[in-house]
Amino acid sequence: MNEDINILVVDDNQENLKVISSFLKEKQYRIALATDGLSALKILENNKIDLILLDIMMPGMDGFEVCRILKEKQETKDIPVLFLTARTETDDIVKGFQVGGVDYITKPFKKEELYARVNNHVQLKLVRDCLIKSELDTKKSRDYFMRTLYELAKIMERNK
Amino acid sequence: MKNSGDLLLIVDDNMLNLQLTAGLLKEEGYLISLAQDGQAALSQLEHMLPDLILLDIMMPGMDGFEVCRILKKDPKLFEIPVIFLTAKKETEDLAEGFNVGGVDYITKPFIREELIVRVKNHLELSKSKKKVIEMNRTRDKLYSVIAHDIRSPFSNIVLTLNTLAGGFLDPASGEFMEIIKTLEKSANETRILIDNLLDWTRLQNDNLTIEATPNKIYPVITQCLYLLKGSCDSKNIKVEVDIPEELSAVFDERSMKSVFRNILFNAVKFTPVNGEIRVRASIVDKYVIISVIDTGVGMSAEVVRRIFVDNEHYSTRGTENEPGSGFGTFIIKDFVVRNGGKIDVTSIPGSGSVISVYLRSDSIE
């Protein structure tokens, strides 16, 4: 199931990108990589991305700025963003939540933490999508069901 | 207040931590229950079902992992999401936390936003999952009803009509009349089922508006009984209505007609041949009580509990193998509550049932 999930990892540090993608590949996620904010936004324009792991400190546009931009766009505003940050940077963590991040992952990366956080938000996204679809389906079948029943009741009424 | 209604259980041996965590979450509008050790948490969980548990790992006696392991084995509790609270130096234990079934962890001392966001996300996740399951179940129910409960009586009706149309029976014969009566009975019962499904479907769509106004009770009961005449005759059940014609109560006519139609339908369904059904009314305090008393097969206390307390979908066949969909009781319970009334069931297996509907009396406004 994870092979249908596209995760975008944005970090200017190649080493970090390597570690994260090797972790995520173990869980069969599909991965897109970017080393700066601009190329991240470019990737988001042309690809269906389900979740973003976003470094904060990057040359040029920082992670907060990237997050702010994509939260303003209709097409990208619902993609969950998890910030990559050091546990000691309390201010960054708070700011991450303020600009619309859903959670954060501490550096240095721990496998279990990465898996759990990513999985939680993938699940949340899937279940939200499923709920919307299911609501529509149920409503449609109910409407159809009700129309049929009305017809049936009318026929019986007529035959009484 | 936002989030009101969600109940969180916080387990931590450190009183200060407990108070701090509880304070932050109370501000968000959550209801909070506290426990200072694993044993206390588990005994609270025997009679309380929180929506989420925040669980400290390092505690004297039973540690958080152990508590989590125990509650993940309990069919009543295993779906409640558990977030571990852990001190910074214990982060090595994280893998164990996920192994025993935790969904996340929060490192102490935690950041307010972090606590609030994680709690909120996991509540949403677990609720949405439940909702998806519930919706799928509703849909399956719809399909199974279409497949069995409507299709099979209709097939029978069509089959019988085909036989009659074949012209092999003398229309003047007693046998012919017998078959016509059976047809009428099947058609009426199917009609009740269709009405139930209509009401139920409308209820699901939330289009059903309840307008409780003063209404006379007697005509509602007799109209419901009219539909059941064929069924009563074929089982030779005597029906007696002892309600003053002028007596009225406050209710929505359409939905209460559904209720009585179903109560009476069940009474006929579960009363054996040559039995008796009585409908009576009395006034107690602010209520008009309408009771349907039958000499039917009755229900055990267990079945009454399952149907009327646990909100289970429950369906059994009648004394003459009449089918059921379980919708009837569902509609009875739901509509009575929506009419501001209540329902009371007394039943003795083997001798009969008394189903009493309490409706608000219109004499006191």
# chains A, B, ... in the order shown; residues from 1 in each chain; ligands from 1
>>> interface_residues(of="chain A", to="chain B", cutoff="6 Å", atoms="only C-alpha atoms", output="PyMOL selection string")
chain A and resi 112+124+131
>>> residues_around(residues="segment 28-30 of chain A", least_positions_apart="6", cutoff="6 Å", atoms="only C-alpha atoms", output="ChimeraX atom specification")
/A:2-3,5-6
>>> select_by_dssp(residues="segment 13-159 of chain A", states="strand (DSSP E)", output="list in words")
Arg30, Ile31, Ala32, Leu33, Ala34, Leu51, Ile52, Leu53, Leu54, Asp55, Val81, Leu82, Phe83, Leu84, Thr85, Ala86, Asp103, Tyr104, Ile105, Thr106 and Lys107 of chain A
>>> write_last_selection(atoms="N, CA and C atoms", output="PDB file, in the first residue's frame")
ATOM      1  N   ARG A  30       7.202   5.829  -1.979  1.00  0.00           N
ATOM      2  CA  ARG A  30       7.858   6.429  -3.128  1.00  0.00           C
ATOM      3  C   ARG A  30       8.355   7.802  -2.742  1.00  0.00           C
ATOM      4  N   ILE A  31       9.578   8.106  -3.177  1.00  0.00           N
ATOM      5  CA  ILE A  31      10.231   9.294  -2.643  1.00  0.00           C
ATOM      6  C   ILE A  31      10.645  10.263  -3.746  1.00  0.00           C
ATOM      7  N   ALA A  32      10.414  11.558  -3.465  1.00  0.00           N
ATOM      8  CA  ALA A  32      10.947  12.613  -4.327  1.00  0.00           C
ATOM      9  C   ALA A  32      11.875  13.456  -3.457  1.00  0.00           C
ATOM     10  N   LEU A  33      13.003  13.908  -4.023  1.00  0.00           N
ATOM     11  CA  LEU A  33      13.969  14.655  -3.224  1.00  0.00           C
ATOM     12  C   LEU A  33      14.175  16.058  -3.775  1.00  0.00           C
ATOM     13  N   ALA A  34      14.404  17.014  -2.859  1.00  0.00           N
ATOM     14  CA  ALA A  34      14.758  18.369  -3.280  1.00  0.00           C
ATOM     15  C   ALA A  34      15.764  18.923  -2.296  1.00  0.00           C
ATOM     16  N   LEU A  51       2.778  13.703   1.288  1.00  0.00           N
ATOM     17  CA  LEU A  51       3.328  14.170   2.556  1.00  0.00           C
ATOM     18  C   LEU A  51       4.699  14.807   2.303  1.00  0.00           C
ATOM     19  N   ILE A  52       5.028  15.839   3.084  1.00  0.00           N
ATOM     20  CA  ILE A  52       6.308  16.528   2.881  1.00  0.00           C
ATOM     21  C   ILE A  52       7.129  16.515   4.168  1.00  0.00           C
ATOM     22  N   LEU A  53       8.388  16.099   4.046  1.00  0.00           N
ATOM     23  CA  LEU A  53       9.337  16.244   5.153  1.00  0.00           C
ATOM     24  C   LEU A  53      10.218  17.432   4.803  1.00  0.00           C
ATOM     25  N   LEU A  54      10.206  18.455   5.667  1.00  0.00           N
ATOM     26  CA  LEU A  54      10.774  19.743   5.274  1.00  0.00           C
ATOM     27  C   LEU A  54      11.794  20.241   6.294  1.00  0.00           C
ATOM     28  N   ASP A  55      13.021  20.406   5.822  1.00  0.00           N
ATOM     29  CA  ASP A  55      14.074  20.961   6.668  1.00  0.00           C
ATOM     30  C   ASP A  55      13.790  22.451   6.888  1.00  0.00           C
ATOM     31  N   VAL A  81       2.659  18.673   6.284  1.00  0.00           N
ATOM     32  CA  VAL A  81       4.086  19.006   6.313  1.00  0.00           C
ATOM     33  C   VAL A  81       4.671  18.638   7.676  1.00  0.00           C
ATOM     34  N   LEU A  82       5.724  17.831   7.677  1.00  0.00           N
ATOM     35  CA  LEU A  82       6.447  17.525   8.909  1.00  0.00           C
ATOM     36  C   LEU A  82       7.812  18.183   8.829  1.00  0.00           C
ATOM     37  N   PHE A  83       8.126  19.016   9.840  1.00  0.00           N
ATOM     38  CA  PHE A  83       9.419  19.695   9.816  1.00  0.00           C
ATOM     39  C   PHE A  83      10.518  18.805  10.380  1.00  0.00           C
ATOM     40  N   LEU A  84      11.707  19.002   9.814  1.00  0.00           N
ATOM     41  CA  LEU A  84      12.878  18.306  10.318  1.00  0.00           C
ATOM     42  C   LEU A  84      13.633  19.315  11.164  1.00  0.00           C
ATOM     43  N   THR A  85      13.797  19.026  12.446  1.00  0.00           N
ATOM     44  CA  THR A  85      14.403  20.026  13.317  1.00  0.00           C
ATOM     45  C   THR A  85      15.152  19.376  14.472  1.00  0.00           C
ATOM     46  N   ALA A  86      16.038  20.155  15.081  1.00  0.00           N
ATOM     47  CA  ALA A  86      16.720  19.649  16.271  1.00  0.00           C
ATOM     48  C   ALA A  86      15.791  19.812  17.456  1.00  0.00           C
ATOM     49  N   ASP A 103       3.469  18.331  12.347  1.00  0.00           N
ATOM     50  CA  ASP A 103       4.302  17.718  13.370  1.00  0.00           C
ATOM     51  C   ASP A 103       5.763  17.965  13.005  1.00  0.00           C
ATOM     52  N   TYR A 104       6.675  17.410  13.801  1.00  0.00           N
ATOM     53  CA  TYR A 104       8.086  17.569  13.459  1.00  0.00           C
ATOM     54  C   TYR A 104       8.828  16.275  13.773  1.00  0.00           C
ATOM     55  N   ILE A 105       9.998  16.131  13.168  1.00  0.00           N
ATOM     56  CA  ILE A 105      10.840  14.964  13.436  1.00  0.00           C
ATOM     57  C   ILE A 105      12.208  15.485  13.828  1.00  0.00           C
ATOM     58  N   THR A 106      12.738  14.942  14.929  1.00  0.00           N
ATOM     59  CA  THR A 106      13.995  15.486  15.432  1.00  0.00           C
ATOM     60  C   THR A 106      15.206  14.878  14.743  1.00  0.00           C
ATOM     61  N   LYS A 107      16.188  15.751  14.551  1.00  0.00           N
ATOM     62  CA  LYS A 107      17.501  15.308  14.072  1.00  0.00           C
ATOM     63  C   LYS A 107      18.367  15.086  15.299  1.00  0.00           C
TER      64      LYS A 107
END
>>> atom_distance(atom1="atom CA of Asp334 of chain B", atom2="atom CA of Ser255 of chain B")
9.7 Å
>>> select_by_dssp(residues="segment 68-179 of chain B", states="alpha helix (DSSP H)", output="JSON, numbers by chain")
{"B": [68, 69, 70, 71, 72, 73, 94, 95, 96, 97, 98, 99, 112, 113, 114, 115, 116, 117, 118, 119, 120, 121, 122, 123, 124, 125, 126, 127, 128, 129, 130, 131, 132, 133, 134, 135, 136, 137, 138, 139, 140, 141, 142, 143, 144, 151, 152, 153, 154, 155, 156, 157, 158, 159, 160, 161, 162, 163, 164, 165, 174, 175, 176, 177, 178, 179]}
>>> atom_distance(atom1="atom CA of Leu24 of chain A", atom2="atom CA of Val118 of chain A")
9.1 Å
>>> residues_around(residues="Leu9 of chain B", least_positions_apart="6", cutoff="12 Å", atoms="only C-alpha atoms", output="PyMOL selection string")
chain B and resi 18+21-22+25-26+30-38+40-42+44-45+48-56+80-84+119
>>> atom_distance(atom1="atom CA of Lys18 of chain A", atom2="atom CA of Pro108 of chain A")
12.8 Å
>>> residues_around(residues="Lys77 of chain A", least_positions_apart="3", cutoff="12 Å", atoms="only C-alpha atoms", output="number ranges by chain")
A: 44, 49-52, 66-74, 80-81, 99-102
>>> write_last_selection(atoms="C-alpha atoms", output="short mmCIF file (atom, residue, chain, number, x, y, z; two decimals), in the first residue's frame")
data_model
loop_
_atom_site.label_atom_id
_atom_site.label_comp_id
_atom_site.auth_asym_id
_atom_site.auth_seq_id
_atom_site.Cartn_x
_atom_site.Cartn_y
_atom_site.Cartn_z
CA LEU A 44 4.84 20.07 -6.04
CA ILE A 49 2.61 14.47 -3.24
CA ASP A 50 0.98 12.95 -0.15
CA LEU A 51 3.33 14.17 2.56
CA ILE A 52 6.31 16.53 2.88
CA VAL A 66 8.15 27.08 1.76
CA CYS A 67 5.41 25.89 4.11
CA ARG A 68 3.70 29.27 4.13
CA ILE A 69 3.65 29.38 0.33
CA LEU A 70 2.18 25.94 -0.11
CA LYS A 71 -0.41 26.46 2.61
CA GLU A 72 -1.70 29.43 0.59
CA LYS A 73 -2.24 27.37 -2.56
CA GLN A 74 -5.49 25.49 -2.95
CA PRO A 80 0.69 17.43 5.61
CA VAL A 81 4.09 19.01 6.31
CA VAL A 99 3.01 28.17 9.90
CA GLY A 100 0.86 25.08 9.38
CA GLY A 101 3.16 22.12 10.02
CA VAL A 102 1.36 19.07 11.42
#
>>> closest_residue(among="A:Phe64, A:Val94, A:Thr76, A:Glu89", to="Ile116 of chain B", atoms="only C-alpha atoms")
A:Val94
>>> residues_around(residues="Ile355 of chain B", least_positions_apart="4", cutoff="6 Å", atoms="only C-alpha atoms", output="list in words")
Ser291, Val292, Asp344 and Val345 of chain B
>>> residues_around(residues="Lys342 of chain B", least_positions_apart="3", cutoff="10 Å", atoms="only C-alpha atoms", output="MDAnalysis selection string")
chainID B and resid 287 289 332:339 356:360
>>> write_last_selection(atoms="all heavy atoms", output="tab-separated table (two decimals), in the first residue's frame")
chain	number	residue	atom	x	y	z
B	287	TYR	N	-46.90	12.21	31.59
B	287	TYR	CA	-46.84	11.29	30.45
B	287	TYR	C	-48.15	10.59	30.14
B	287	TYR	O	-48.90	10.25	31.04
B	287	TYR	CB	-45.79	10.22	30.69
B	287	TYR	CG	-44.38	10.72	30.58
B	287	TYR	CD1	-43.59	10.88	31.73
B	287	TYR	CD2	-43.82	11.02	29.35
B	287	TYR	CE1	-42.28	11.33	31.65
B	287	TYR	CE2	-42.51	11.47	29.25
B	287	TYR	CZ	-41.74	11.62	30.40
B	287	TYR	OH	-40.46	12.06	30.29
B	289	ILE	N	-49.08	7.07	28.68
B	289	ILE	CA	-48.38	5.82	28.43
B	289	ILE	C	-49.26	4.92	27.56
B	289	ILE	O	-50.39	4.59	27.94
B	289	ILE	CB	-48.03	5.10	29.74
B	289	ILE	CG1	-47.27	6.06	30.66
B	289	ILE	CG2	-47.21	3.85	29.46
B	289	ILE	CD1	-47.15	5.55	32.08
B	332	ILE	N	-38.06	2.13	16.34
B	332	ILE	CA	-38.83	2.38	17.56
B	332	ILE	C	-38.01	3.20	18.54
B	332	ILE	O	-38.43	4.27	19.00
B	332	ILE	CB	-39.24	1.04	18.24
B	332	ILE	CG1	-40.22	0.26	17.34
B	332	ILE	CG2	-39.87	1.29	19.62
B	332	ILE	CD1	-40.51	-1.15	17.82
B	333	LYS	N	-36.80	2.73	18.83
B	333	LYS	CA	-35.96	3.41	19.82
B	333	LYS	C	-35.67	4.84	19.41
B	333	LYS	O	-35.85	5.78	20.17
B	333	LYS	CB	-34.63	2.66	19.98
B	333	LYS	CG	-34.73	1.39	20.76
B	333	LYS	CD	-33.39	0.68	20.79
B	333	LYS	CE	-33.02	0.16	19.42
B	333	LYS	NZ	-31.84	-0.70	19.40
B	334	ASP	N	-35.20	4.97	18.18
B	334	ASP	CA	-34.74	6.28	17.73
B	334	ASP	C	-35.87	7.31	17.66
B	334	ASP	O	-35.73	8.44	18.11
B	334	ASP	CB	-34.09	6.13	16.36
B	334	ASP	CG	-33.24	7.33	16.04
B	334	ASP	OD1	-32.12	7.39	16.56
B	334	ASP	OD2	-33.72	8.21	15.30
B	335	PHE	N	-37.00	6.91	17.11
B	335	PHE	CA	-38.10	7.86	16.92
B	335	PHE	C	-38.75	8.26	18.24
B	335	PHE	O	-39.17	9.40	18.40
B	335	PHE	CB	-39.14	7.28	15.96
B	335	PHE	CG	-38.69	7.29	14.52
B	335	PHE	CD1	-37.40	7.66	14.18
B	335	PHE	CD2	-39.56	6.95	13.50
B	335	PHE	CE1	-36.97	7.67	12.87
B	335	PHE	CE2	-39.16	6.96	12.17
B	335	PHE	CZ	-37.85	7.31	11.86
B	336	VAL	N	-38.83	7.31	19.17
B	336	VAL	CA	-39.42	7.65	20.46
B	336	VAL	C	-38.58	8.73	21.14
B	336	VAL	O	-39.10	9.73	21.64
B	336	VAL	CB	-39.58	6.40	21.37
B	336	VAL	CG1	-39.90	6.80	22.79
B	336	VAL	CG2	-40.66	5.48	20.82
B	337	VAL	N	-37.27	8.56	21.11
B	337	VAL	CA	-36.37	9.54	21.71
B	337	VAL	C	-36.53	10.90	21.01
B	337	VAL	O	-36.62	11.94	21.66
B	337	VAL	CB	-34.90	9.06	21.65
B	337	VAL	CG1	-33.97	10.17	22.08
B	337	VAL	CG2	-34.73	7.84	22.54
B	338	ARG	N	-36.60	10.88	19.69
B	338	ARG	CA	-36.74	12.13	18.95
B	338	ARG	C	-38.06	12.84	19.24
B	338	ARG	O	-38.19	14.04	19.02
B	338	ARG	CB	-36.64	11.87	17.44
B	338	ARG	CG	-35.22	11.75	16.96
B	338	ARG	CD	-35.20	11.23	15.57
B	338	ARG	NE	-33.84	11.01	15.13
B	338	ARG	CZ	-33.27	11.69	14.14
B	338	ARG	NH1	-33.93	12.59	13.49
B	338	ARG	NH2	-32.04	11.44	13.79
B	339	ASN	N	-39.03	12.08	19.71
B	339	ASN	CA	-40.31	12.67	20.06
B	339	ASN	C	-40.35	13.11	21.52
B	339	ASN	O	-41.39	13.47	22.03
B	339	ASN	CB	-41.45	11.68	19.79
B	339	ASN	CG	-41.95	11.79	18.35
B	339	ASN	OD1	-42.73	12.67	18.04
B	339	ASN	ND2	-41.48	10.92	17.49
B	356	SER	N	-44.19	-0.38	26.52
B	356	SER	CA	-44.87	0.87	26.87
B	356	SER	C	-44.12	2.06	26.30
B	356	SER	O	-42.92	2.19	26.47
B	356	SER	CB	-44.96	1.01	28.39
B	356	SER	OG	-45.71	-0.05	28.91
B	357	VAL	N	-44.88	2.92	25.61
B	357	VAL	CA	-44.30	4.14	25.06
B	357	VAL	C	-44.79	5.32	25.89
B	357	VAL	O	-45.99	5.50	26.08
B	357	VAL	CB	-44.71	4.32	23.59
B	357	VAL	CG1	-44.18	5.64	23.04
B	357	VAL	CG2	-44.21	3.16	22.75
B	358	TYR	N	-43.85	6.09	26.42
B	358	TYR	CA	-44.20	7.28	27.20
B	358	TYR	C	-44.12	8.49	26.29
B	358	TYR	O	-43.07	8.78	25.73
B	358	TYR	CB	-43.19	7.48	28.34
B	358	TYR	CG	-43.29	6.48	29.46
B	358	TYR	CD1	-43.12	5.12	29.23
B	358	TYR	CD2	-43.54	6.91	30.78
B	358	TYR	CE1	-43.19	4.20	30.28
B	358	TYR	CE2	-43.62	5.99	31.82
B	358	TYR	CZ	-43.44	4.64	31.56
B	358	TYR	OH	-43.50	3.74	32.58
B	359	LEU	N	-45.24	9.18	26.13
B	359	LEU	CA	-45.24	10.41	25.35
B	359	LEU	C	-45.66	11.57	26.24
B	359	LEU	O	-46.46	11.38	27.16
B	359	LEU	CB	-46.21	10.29	24.16
B	359	LEU	CG	-45.80	9.31	23.07
B	359	LEU	CD1	-46.93	9.13	22.08
B	359	LEU	CD2	-44.54	9.78	22.36
B	360	ARG	N	-45.15	12.73	25.94
B	360	ARG	CA	-45.50	13.89	26.76
B	360	ARG	C	-47.00	14.19	26.64
B	360	ARG	O	-47.57	14.16	25.55
B	360	ARG	CB	-44.70	15.12	26.32
B	360	ARG	CG	-43.29	15.13	26.87
B	360	ARG	CD	-42.49	16.23	26.24
B	360	ARG	NE	-42.30	16.00	24.81
B	360	ARG	CZ	-42.18	16.97	23.91
B	360	ARG	NH1	-42.26	18.22	24.29
B	360	ARG	NH2	-41.99	16.68	22.64
>>> closest_residue(among="A:Asp78, A:Asp11, A:Asp91, A:Glu26", to="Asp62 of chain A", atoms="only C-alpha atoms")
A:Asp11
